[in-house]
Amino acid sequence: IIADSPEVTLNLAQAVVENNLVGRVTLIGVAGLPEIEEYFDAGIISRLLSINPEEIAIKSLEAMRDLLEGRDVPAQISVALRIAESAGEN
């Protein structure tokens, strides 16, 4: 199961526990809420995706500056994605 936001990650992790699916499903989530780390450390979430919000802010501001100064700005701007793998039960 792949979650697309921290909120969905948290809800899915809770559902996995409540439905006794720990170890039977693989959950890949998105970091961003403190509670998610507990599920990750316990192995309920097997992989956690995270991005650096500071990098996003800097690249966004640079793109806005370039637009205001009349420079071309690419339609997409890439940022680093960190993938952590749980050493927990799952």
# chains A, B, ... in the order shown; residues from 1 in each chain; ligands from 1
$ residues_around --residues "region 77-88 of chain A" --least-positions-apart "3" --cutoff "9 Å" --atoms "only C-alpha atoms" --output "short mmCIF file (atom, residue, chain, number, x, y, z; two decimals) with N, CA and C atoms, in the first residue's frame"
data_model
loop_
_atom_site.label_atom_id
_atom_site.label_comp_id
_atom_site.auth_asym_id
_atom_site.auth_seq_id
_atom_site.Cartn_x
_atom_site.Cartn_y
_atom_site.Cartn_z
N PHE A 40 6.76 3.70 12.06
CA PHE A 40 7.93 3.34 11.26
C PHE A 40 8.92 2.54 12.10
N ASP A 41 9.21 3.03 13.31
CA ASP A 41 10.16 2.34 14.19
C ASP A 41 9.67 0.94 14.57
N ALA A 42 8.34 0.77 14.64
CA ALA A 42 7.76 -0.53 14.98
C ALA A 42 7.67 -1.46 13.78
N GLY A 43 8.00 -0.96 12.59
CA GLY A 43 7.97 -1.79 11.39
C GLY A 43 6.60 -1.89 10.74
N ILE A 44 5.63 -1.12 11.22
CA ILE A 44 4.30 -1.14 10.62
C ILE A 44 4.34 -0.42 9.28
N ILE A 45 5.13 0.64 9.21
CA ILE A 45 5.41 1.32 7.94
C ILE A 45 6.80 0.84 7.52
N SER A 46 6.89 0.21 6.35
CA SER A 46 8.17 -0.39 5.97
C SER A 46 9.14 0.58 5.31
N ARG A 47 8.59 1.58 4.61
CA ARG A 47 9.45 2.60 4.00
C ARG A 47 8.78 3.94 4.17
N LEU A 48 9.63 4.95 4.33
CA LEU A 48 9.12 6.30 4.57
C LEU A 48 9.80 7.27 3.62
N LEU A 49 8.99 8.01 2.87
CA LEU A 49 9.50 9.01 1.94
C LEU A 49 9.48 10.37 2.61
N SER A 50 10.54 11.13 2.42
CA SER A 50 10.55 12.48 2.99
C SER A 50 11.32 13.43 2.08
N ILE A 51 10.92 14.66 2.14
CA ILE A 51 11.58 15.72 1.38
C ILE A 51 11.95 16.82 2.36
N ASN A 52 12.88 17.65 1.95
CA ASN A 52 13.33 18.75 2.78
C ASN A 52 12.50 20.00 2.44
N GLU A 55 14.45 23.01 1.15
CA GLU A 55 14.88 22.93 -0.25
C GLU A 55 13.74 23.36 -1.18
N ILE A 56 12.54 22.92 -0.87
CA ILE A 56 11.38 23.31 -1.68
C ILE A 56 11.18 24.82 -1.62
N LYS A 59 14.00 26.64 -3.66
CA LYS A 59 13.82 26.48 -5.11
C LYS A 59 12.60 27.25 -5.61
N SER A 60 11.55 27.30 -4.80
CA SER A 60 10.35 28.06 -5.18
C SER A 60 10.65 29.55 -5.26
N ALA A 63 12.72 30.32 -8.31
CA ALA A 63 11.91 30.30 -9.53
C ALA A 63 11.07 31.57 -9.64
N VAL A 73 11.76 29.74 -16.71
CA VAL A 73 11.71 28.83 -15.56
C VAL A 73 11.16 27.50 -16.05
N PRO A 74 11.81 26.40 -15.70
CA PRO A 74 11.33 25.10 -16.16
C PRO A 74 9.94 24.80 -15.60
#
$ atom_distance --atom1 "CA of Thr26 (chain A)" --atom2 "CA of Ile2 (chain A)"
8.4 Å
$ closest_residue --among "A:Ile58, A:Asn11, A:Val16, A:Met64" --to "Glu35 (chain A)" --atoms "only C-alpha atoms"
A:Asn11
$ atom_distance --atom1 "CA of Glu54 (chain A)" --atom2 "CA of Glu38 (chain A)"
23.8 Å
$ select_by_dssp --residues "chain A" --states "helix (DSSP H, G or I)" --output "PyMOL selection string"
chain A and resi 6-18+34-41+53-68
$ closest_residue --among "A:Ala57, A:Leu21, A:Ala75, A:Ile36" --to "Ser5 (chain A)" --atoms "only C-alpha atoms"
A:Ile36
